$ cat input18.txt   # compact mmCIF, C-alpha atoms
# COMPACT_ATOMS: atom_id res chain seq x y z
CA MET R 1 0.00 0.00 0.00
CA GLN R 2 1.34 3.40 -0.97
CA PRO R 3 1.62 6.02 1.76
CA PRO R 4 -1.05 8.74 1.59
CA GLN R 5 -0.06 11.93 -0.15
CA GLN R 6 0.64 14.85 2.17
CA ALA R 7 -1.47 17.94 1.66
CA THR R 8 0.49 20.70 0.03
CA ARG R 9 0.81 24.00 1.81
CA PRO R 10 -1.65 26.58 0.44
CA ARG R 11 -0.11 29.19 -1.84
CA TRP R 12 -1.07 32.82 -1.56
CA TRP R 13 -1.07 33.35 -5.33
CA THR R 14 -3.87 30.77 -5.69
CA GLU R 15 -5.74 31.58 -2.48
CA LEU R 16 -5.94 35.34 -2.92
CA PRO R 17 -7.72 35.24 -6.31
CA LEU R 18 -10.09 32.57 -5.00
CA VAL R 19 -11.08 34.59 -1.93
CA ALA R 20 -11.37 37.74 -4.05
CA LEU R 21 -13.60 35.94 -6.56
CA VAL R 22 -15.99 34.65 -3.90
CA TYR R 23 -16.21 38.04 -2.23
CA ALA R 24 -16.80 39.73 -5.60
CA VAL R 25 -19.64 37.31 -6.36
CA TYR R 26 -21.09 37.99 -2.92
CA SER R 27 -20.85 41.77 -3.32
CA LEU R 28 -22.21 41.83 -6.87
CA GLY R 29 -25.00 39.47 -5.87
CA ARG R 30 -26.04 41.82 -3.09
CA LEU R 31 -25.92 44.74 -5.50
CA ILE R 32 -27.79 43.13 -8.39
CA VAL R 33 -30.46 41.31 -6.40
CA ARG R 34 -31.98 44.25 -4.55
CA GLY R 35 -35.43 42.76 -4.20
CA ASN R 36 -38.80 44.42 -4.26
CA GLU R 37 -39.14 47.12 -1.61
CA ALA R 38 -42.76 46.31 -0.77
CA GLY R 39 -41.95 42.64 -0.42
CA ALA R 40 -38.90 43.39 1.70
CA VAL R 41 -40.99 45.56 4.04
CA ASP R 42 -43.58 42.80 4.33
CA HIS R 43 -40.86 40.28 5.25
CA GLY R 44 -39.40 42.66 7.82
CA LEU R 45 -42.77 43.28 9.45
CA ALA R 46 -43.53 39.56 9.48
CA ILE R 47 -40.28 38.89 11.35
CA LEU R 48 -40.96 41.72 13.80
CA HIS R 49 -44.51 40.53 14.51
CA LEU R 50 -43.29 36.97 15.02
CA GLU R 51 -40.67 38.15 17.50
CA GLN R 52 -43.25 40.25 19.33
CA THR R 53 -45.55 37.25 19.56
CA LEU R 54 -42.71 35.16 20.99
CA HIS R 55 -41.53 38.08 23.20
CA ILE R 56 -38.00 37.89 21.79
CA ASN R 57 -37.84 41.30 20.09
CA LEU R 58 -34.60 42.29 21.84
CA GLU R 59 -33.65 44.72 19.09
CA GLN R 60 -36.23 47.29 20.25
CA PRO R 61 -34.92 47.94 23.80
CA LEU R 62 -31.33 47.74 22.53
CA ASN R 63 -32.05 50.30 19.83
CA ARG R 64 -33.56 52.68 22.39
CA LEU R 65 -30.44 52.29 24.54
CA PHE R 66 -28.10 53.00 21.61
CA THR R 67 -30.21 55.96 20.51
CA ARG R 68 -30.32 57.62 23.93
CA THR R 69 -26.69 56.90 24.86
CA PRO R 70 -24.15 58.27 22.35
CA ALA R 71 -21.30 56.74 24.37
CA ILE R 72 -22.70 53.35 23.35
CA GLY R 73 -24.31 54.17 20.02
CA ILE R 74 -21.33 55.86 18.36
CA PRO R 75 -18.77 53.08 19.10
CA ALA R 76 -21.40 50.54 18.05
CA ASP R 77 -21.73 52.26 14.68
CA PHE R 78 -17.96 52.14 14.18
CA ILE R 79 -17.95 48.46 15.12
CA TYR R 80 -20.77 47.71 12.70
CA GLY R 81 -19.19 49.65 9.87
CA SER R 82 -15.63 48.35 10.13
CA LEU R 83 -14.89 45.16 12.10
CA HIS R 84 -16.92 43.01 9.72
CA TYR R 85 -14.39 43.84 7.00
CA LEU R 86 -11.25 43.83 9.14
CA VAL R 87 -11.42 40.98 11.64
CA THR R 88 -12.61 38.28 9.24
CA PRO R 89 -9.78 38.77 6.70
CA ALA R 90 -7.29 39.10 9.56
CA VAL R 91 -8.32 35.72 11.01
CA LEU R 92 -8.20 34.17 7.54
CA ILE R 93 -4.66 35.47 6.96
CA TRP R 94 -3.61 34.32 10.44
CA LEU R 95 -4.85 30.81 9.68
CA PHE R 96 -3.05 30.83 6.33
CA ARG R 97 0.25 31.71 7.98
CA ARG R 98 0.05 29.92 11.30
CA ARG R 99 -2.33 26.99 10.68
CA PRO R 100 -1.87 25.94 7.04
CA GLY R 101 -3.09 22.42 7.79
CA GLN R 102 -6.48 23.73 8.92
CA TYR R 103 -6.69 26.70 6.57
CA ARG R 104 -8.40 25.07 3.58
CA ALA R 105 -11.21 23.56 5.63
CA ALA R 106 -11.79 26.87 7.44
CA ARG R 107 -11.72 28.86 4.22
CA SER R 108 -14.13 26.47 2.51
CA TRP R 109 -16.53 26.70 5.45
CA LEU R 110 -16.50 30.50 5.32
CA MET R 111 -16.98 30.65 1.55
CA THR R 112 -19.76 28.07 1.46
CA SER R 113 -21.67 29.88 4.20
CA THR R 114 -21.21 33.23 2.47
CA LEU R 115 -22.71 31.90 -0.76
CA LEU R 116 -25.60 30.40 1.20
CA GLY R 117 -26.19 33.82 2.71
CA LEU R 118 -26.33 35.29 -0.78
CA ILE R 119 -29.07 32.80 -1.63
CA GLY R 120 -30.98 34.04 1.40
CA PHE R 121 -30.63 37.67 0.29
CA THR R 122 -31.88 36.68 -3.16
CA PHE R 123 -35.01 34.79 -2.18
CA LEU R 124 -35.88 36.59 1.05
CA PRO R 125 -35.13 40.32 0.73
CA THR R 126 -35.84 41.77 4.16
CA CYS R 127 -36.25 45.33 5.30
CA PRO R 128 -34.08 45.94 8.39
CA PRO R 129 -35.68 47.56 11.45
CA ARG R 130 -34.05 50.95 10.75
CA LEU R 131 -35.93 51.28 7.43
CA LEU R 132 -39.37 50.52 8.84
CA ALA R 133 -41.84 53.32 9.37
CA ALA R 134 -41.19 55.41 12.50
CA VAL R 135 -44.42 54.10 14.05
CA HIS R 136 -42.62 50.82 14.76
CA GLY R 137 -40.24 52.58 17.14
CA PHE R 138 -36.81 52.13 15.54
CA THR R 139 -34.11 54.75 14.98
CA ASP R 140 -31.31 54.41 12.45
CA THR R 141 -28.35 55.09 14.73
CA MET R 142 -25.92 55.30 11.81
CA ALA R 143 -28.00 58.11 10.35
CA GLN R 144 -28.33 59.70 13.79
CA TYR R 145 -24.58 59.67 14.40
CA SER R 146 -23.48 60.03 10.76
CA SER R 147 -21.50 63.20 11.53
CA TYR R 148 -19.06 61.11 13.58
CA GLY R 149 -18.06 58.67 10.86
CA TRP R 150 -17.59 58.12 7.15
CA TRP R 151 -21.05 56.71 6.61
CA GLY R 152 -24.16 58.56 5.55
CA GLY R 153 -27.78 57.59 5.99
CA GLN R 154 -27.63 54.33 4.03
CA ALA R 155 -26.12 51.65 6.25
CA SER R 156 -22.32 51.68 6.58
CA ALA R 157 -21.59 52.76 3.00
CA PRO R 158 -19.44 55.89 2.64
CA ARG R 159 -21.34 59.08 1.94
CA GLY R 160 -22.50 59.21 -1.66
CA LEU R 161 -22.08 55.45 -2.22
CA GLY R 162 -25.25 54.24 -0.55
CA GLY R 163 -26.75 53.38 -3.92
CA MET R 164 -24.09 50.69 -4.37
CA THR R 165 -25.42 48.61 -1.50
CA ASN R 166 -28.44 46.37 -1.09
CA GLN R 167 -30.07 47.62 2.07
CA PHE R 168 -32.53 44.72 2.07
CA ALA R 169 -29.78 42.10 2.57
CA ALA R 170 -30.72 41.55 6.21
CA MET R 171 -31.74 37.89 6.33
CA PRO R 172 -29.51 36.11 7.29
CA SER R 173 -27.06 38.32 9.17
CA LEU R 174 -23.59 37.51 7.86
CA HIS R 175 -22.21 40.06 10.31
CA VAL R 176 -23.17 37.53 12.97
CA GLY R 177 -22.26 34.52 10.82
CA TRP R 178 -18.75 35.73 10.04
CA ALA R 179 -18.23 36.76 13.66
CA LEU R 180 -19.21 33.25 14.75
CA TRP R 181 -16.69 31.78 12.29
CA CYS R 182 -13.96 34.05 13.71
CA GLY R 183 -14.90 32.99 17.23
CA VAL R 184 -14.69 29.29 16.40
CA MET R 185 -11.28 29.75 14.75
CA LEU R 186 -9.92 31.71 17.71
CA TRP R 187 -11.28 29.17 20.21
CA ARG R 188 -9.88 26.16 18.37
CA PHE R 189 -6.51 27.49 17.28
CA GLY R 190 -5.78 30.59 19.37
CA GLY R 191 -4.12 28.69 22.19
CA SER R 192 -4.27 31.46 24.80
CA ARG R 193 -6.72 32.75 27.37
CA ILE R 194 -7.01 36.08 25.57
CA ALA R 195 -7.89 34.27 22.34
CA ARG R 196 -10.57 32.26 24.16
CA ILE R 197 -12.06 35.42 25.66
CA ALA R 198 -12.08 37.11 22.24
CA ALA R 199 -13.61 34.00 20.71
CA VAL R 200 -16.64 34.34 22.98
CA ALA R 201 -16.83 38.13 23.22
CA TYR R 202 -16.55 39.03 19.54
CA PRO R 203 -19.65 37.15 18.24
CA LEU R 204 -21.70 38.35 21.22
CA VAL R 205 -20.65 41.98 20.74
CA ILE R 206 -21.45 41.84 17.02
CA THR R 207 -24.86 40.31 17.74
CA PHE R 208 -25.79 43.09 20.15
CA VAL R 209 -24.39 45.75 17.79
CA VAL R 210 -26.35 44.64 14.72
CA MET R 211 -29.57 44.66 16.75
CA GLY R 212 -28.89 47.87 18.70
CA THR R 213 -28.08 49.80 15.52
CA ALA R 214 -31.38 48.53 14.04
CA ASN R 215 -29.63 46.79 11.16
CA HIS R 216 -30.90 43.31 12.00
CA TYR R 217 -33.60 41.47 13.91
CA LEU R 218 -32.79 38.78 16.43
CA LEU R 219 -34.09 36.19 13.96
CA ASP R 220 -31.64 37.54 11.36
CA ALA R 221 -28.83 36.83 13.81
CA LEU R 222 -30.13 33.32 14.50
CA ALA R 223 -30.42 32.73 10.77
CA GLY R 224 -26.78 33.76 10.43
CA VAL R 225 -25.84 31.08 12.94
CA ALA R 226 -27.96 28.52 11.07
CA VAL R 227 -26.32 29.41 7.76
CA MET R 228 -22.88 28.86 9.27
CA GLY R 229 -23.99 25.47 10.58
CA LEU R 230 -25.32 24.44 7.17
CA GLY R 231 -22.19 25.78 5.51
CA LEU R 232 -20.05 23.63 7.81
CA LEU R 233 -22.01 20.52 6.83
CA LEU R 234 -21.81 21.26 3.11
CA SER R 235 -18.20 22.42 2.97
CA LYS R 236 -16.71 18.95 3.58
CA PRO R 237 -18.45 17.16 0.66
CA LEU R 238 -17.76 20.18 -1.52
CA MET R 239 -14.07 19.96 -0.66
CA ARG R 240 -14.05 16.26 -1.58
CA LEU R 241 -15.79 17.04 -4.87
CA ALA R 242 -13.29 19.80 -5.65
CA GLU R 243 -10.41 17.45 -4.90
CA ARG R 244 -11.81 14.78 -7.23
CA VAL R 245 -12.21 17.35 -10.00
CA ARG R 246 -8.69 18.66 -9.43
CA THR R 247 -7.23 15.15 -9.52
CA ARG R 248 -9.14 14.23 -12.66
CA PHE R 249 -7.98 17.23 -14.64
CA ALA R 250 -4.44 17.36 -13.23
CA PRO R 251 -1.53 16.36 -15.51
CA ALA R 252 -0.96 12.62 -15.75
CA ALA R 253 2.42 12.82 -14.07
CA SER R 254 0.96 14.62 -11.08
CA ALA R 255 -1.99 12.26 -10.84
CA THR R 256 0.11 9.09 -10.93
CA GLY R 257 2.95 10.48 -8.87
CA ALA R 258 5.45 9.17 -11.46
CA PRO R 259 9.06 10.08 -10.65
CA ILE R 260 10.83 12.51 -12.91
CA VAL R 261 14.02 10.40 -13.03
CA SER R 262 14.39 6.64 -13.28
CA GLY R 263 14.57 4.46 -10.18
CA GLY R 264 17.92 4.67 -8.46
CA CYS R 265 18.97 7.66 -10.61
CA GLU R 266 21.18 5.35 -12.69
CA THR R 267 23.20 6.64 -15.65
CA SER R 268 23.28 5.00 -19.05
CA PRO R 269 26.06 2.48 -19.81
CA GLY R 270 29.29 4.27 -20.54
CA GLU R 271 27.92 7.65 -19.43
CA ARG R 272 30.03 9.62 -16.99
CA ILE R 273 29.00 12.45 -14.71
CA PRO R 274 31.35 15.47 -15.09
CA GLY R 275 34.01 15.38 -12.41
CA GLN R 276 33.44 11.70 -11.62
CA ARG R 277 36.63 9.67 -10.96
CA ALA R 278 37.11 6.61 -13.11
CA PRO R 279 36.74 3.33 -11.18
CA SER R 280 39.89 1.29 -10.64
CA ALA R 281 38.25 -1.89 -11.76
CA THR R 282 35.00 -3.10 -13.26
CA PRO R 283 32.94 -5.86 -11.66
CA ALA R 284 34.18 -8.19 -14.37
CA ASP R 285 37.76 -7.37 -13.43
CA ALA R 286 37.04 -8.09 -9.80
CA ASP R 287 35.88 -11.63 -10.64
CA ASP R 288 38.75 -12.30 -13.05
CA ASN R 289 41.75 -14.09 -11.53
CA THR R 290 44.05 -12.90 -14.34
CA PRO R 291 46.67 -10.59 -12.87
CA SER R 292 46.59 -7.05 -14.16
CA PRO R 293 49.52 -5.89 -16.28
CA ALA R 294 52.37 -4.18 -14.57
CA ARG R 295 52.11 -0.38 -14.42
$ encode --input "input18.txt" --output "structure tokens"
Amino acid sequence: MQPPQQATRPRWWTELPLVALVYAVYSLGRLIVRGNEAGAVDHGLAILHLEQTLHINLEQPLNRLFTRTPAIGIPADFIYGSLHYLVTPAVLIWLFRRRPGQYRAARSWLMTSTLLGLIGFTFLPTCPPRLLAAVHGFTDTMAQYSSYGWWGGQASAPRGLGGMTNQFAAMPSLHVGWALWCGVMLWRFGGSRIARIAAVAYPLVITFVVMGTANHYLLDALAGVAVMGLGLLLSKPLMRLAERVRTRFAPAASATGAPIVSGGCETSPGERIPGQRAPSATPADADDNTPSPAR
């Protein structure tokens, strides 16, 4: 039985375009599939009414707290508008450099879940709480505190670029989903108490922030967790499928593992390697009892 092939270390020049491609598909998908506004509002109200029926509408008291307390609301807006795009790539790069053996599985889990989230945005456009009519009691804290940051009145997009975002991409919350992924990676591979604390604190902070800023409902956050769970289940068979496709279309020499040189690295008869000393006797000479001529 041949020994199993060792997994090659991931290469940045193949990983970077792959990650960029998936993120571009995700961003363009959010931009192109904006959804119908009336339908998105109906979905948002349905989620809110369901939460009120179940008495789990935590986003309403949190939003009032963030609105009335700038010392909480302003940092929360900065967290919402930036950490989503900073911490996740940082953890991915850290895994690439420090945990190459676990990197591919972690990257595949993140990408699969992200694409599942895009499917959710496509088929269930949802109006976030901040865009509901004022009668429902929500305040857009990012609009309220827009003078403190780079954003305007359209989510976390820079001023003047709000039209390039899909503001109805609320269900599921990938802010929460990506934060959960970061937390799992830090818990499993961080190796220190600080990493463990961050692994628990970061997803919780993001969950409270997305609700307090009125960007997501609690059910959006739970859906983000569910999407990450489904992505974890699907990423493993998808990795096996990708490996089979790669092996099938790889060059024959790579697929068979055939050596580049012949066994034993033997030279042809009579061939000499430059700088090689001539042997004093051939095997035939060694077996011959005839004395060699005098020198």
$ closest_residue --input "input18.txt" --among "R:Phe138, R:Trp151, R:Tyr103, R:Phe123" --to "His216 of chain R" --atoms "all atoms listed in the file"
R:Phe138
$ atom_distance --input "input18.txt" --atom1 "atom CA of Leu180 of chain R" --atom2 "atom CA of Thr114 of chain R"
12.4 Å
$ axis_aligned_box --input "input18.txt" --around "segment 147-150 of chain R" --padding-each-side "3 Å" --output "AutoDock Vina command-line options"
--center_x -19.5 --center_y 60.7 --center_z 10.4 --size_x 9.9 --size_y 11.1 --size_z 12.4
$ atom_distance --input "input18.txt" --atom1 "atom CA of Gly212 of chain R" --atom2 "atom CA of Ala143 of chain R"
13.2 Å
$ residues_around --input "input18.txt" --residues "Pro128 of chain R" --least-positions-apart "6" --cutoff "10 Å" --atoms "all atoms listed in the file" --output "list in words"
Ala40, Val41, His43, Gly44, Leu45, Ile47, Leu48, Phe138, Asp140, Gln167, Phe168, Ala169, Ala170, Met171, Met211, Ala214, Asn215, His216, Tyr217 and Asp220 of chain R
$ closest_residue --input "input18.txt" --among "R:Pro61, R:Gly73, R:Gly39, R:Pro89" --to "Leu218 of chain R" --atoms "only C-alpha atoms"
R:Pro61
$ closest_residue --input "input18.txt" --among "R:His175, R:Arg130, R:His55, R:Arg98" --to "Phe189 of chain R" --atoms "all atoms listed in the file"
R:Arg98
$ closest_residue --input "input18.txt" --among "R:Leu238, R:Leu232, R:Leu115, R:Val91" --to "Ala24 of chain R" --atoms "all atoms listed in the file"
R:Leu115
$ atom_distance --input "input18.txt" --atom1 "atom CA of Met239 of chain R" --atom2 "atom CA of Ala221 of chain R"
26.7 Å
$ closest_residue --input "input18.txt" --among "R:Pro100, R:Gly183, R:Gly177, R:Pro172" --to "Phe121 of chain R" --atoms "all atoms listed in the file"
R:Pro172
$ closest_residue --input "input18.txt" --among "R:Gln144, R:Thr165, R:Leu116, R:Ala199" --to "Leu234 of chain R" --atoms "all atoms listed in the file"
R:Leu116
$ residues_around --input "input18.txt" --residues "Leu230 of chain R" --least-positions-apart "5" --cutoff "9 Å" --atoms "only C-alpha atoms" --output "PyMOL selection string"
chain R and resi 112-113+116+225+235
$ residues_near_point --input "input18.txt" --point "(-10.9, 30.2, 21.0)" --cutoff "12 Å" --atoms "all atoms listed in the file" --output "MDAnalysis selection string"
chainID R and resid 91 180:203
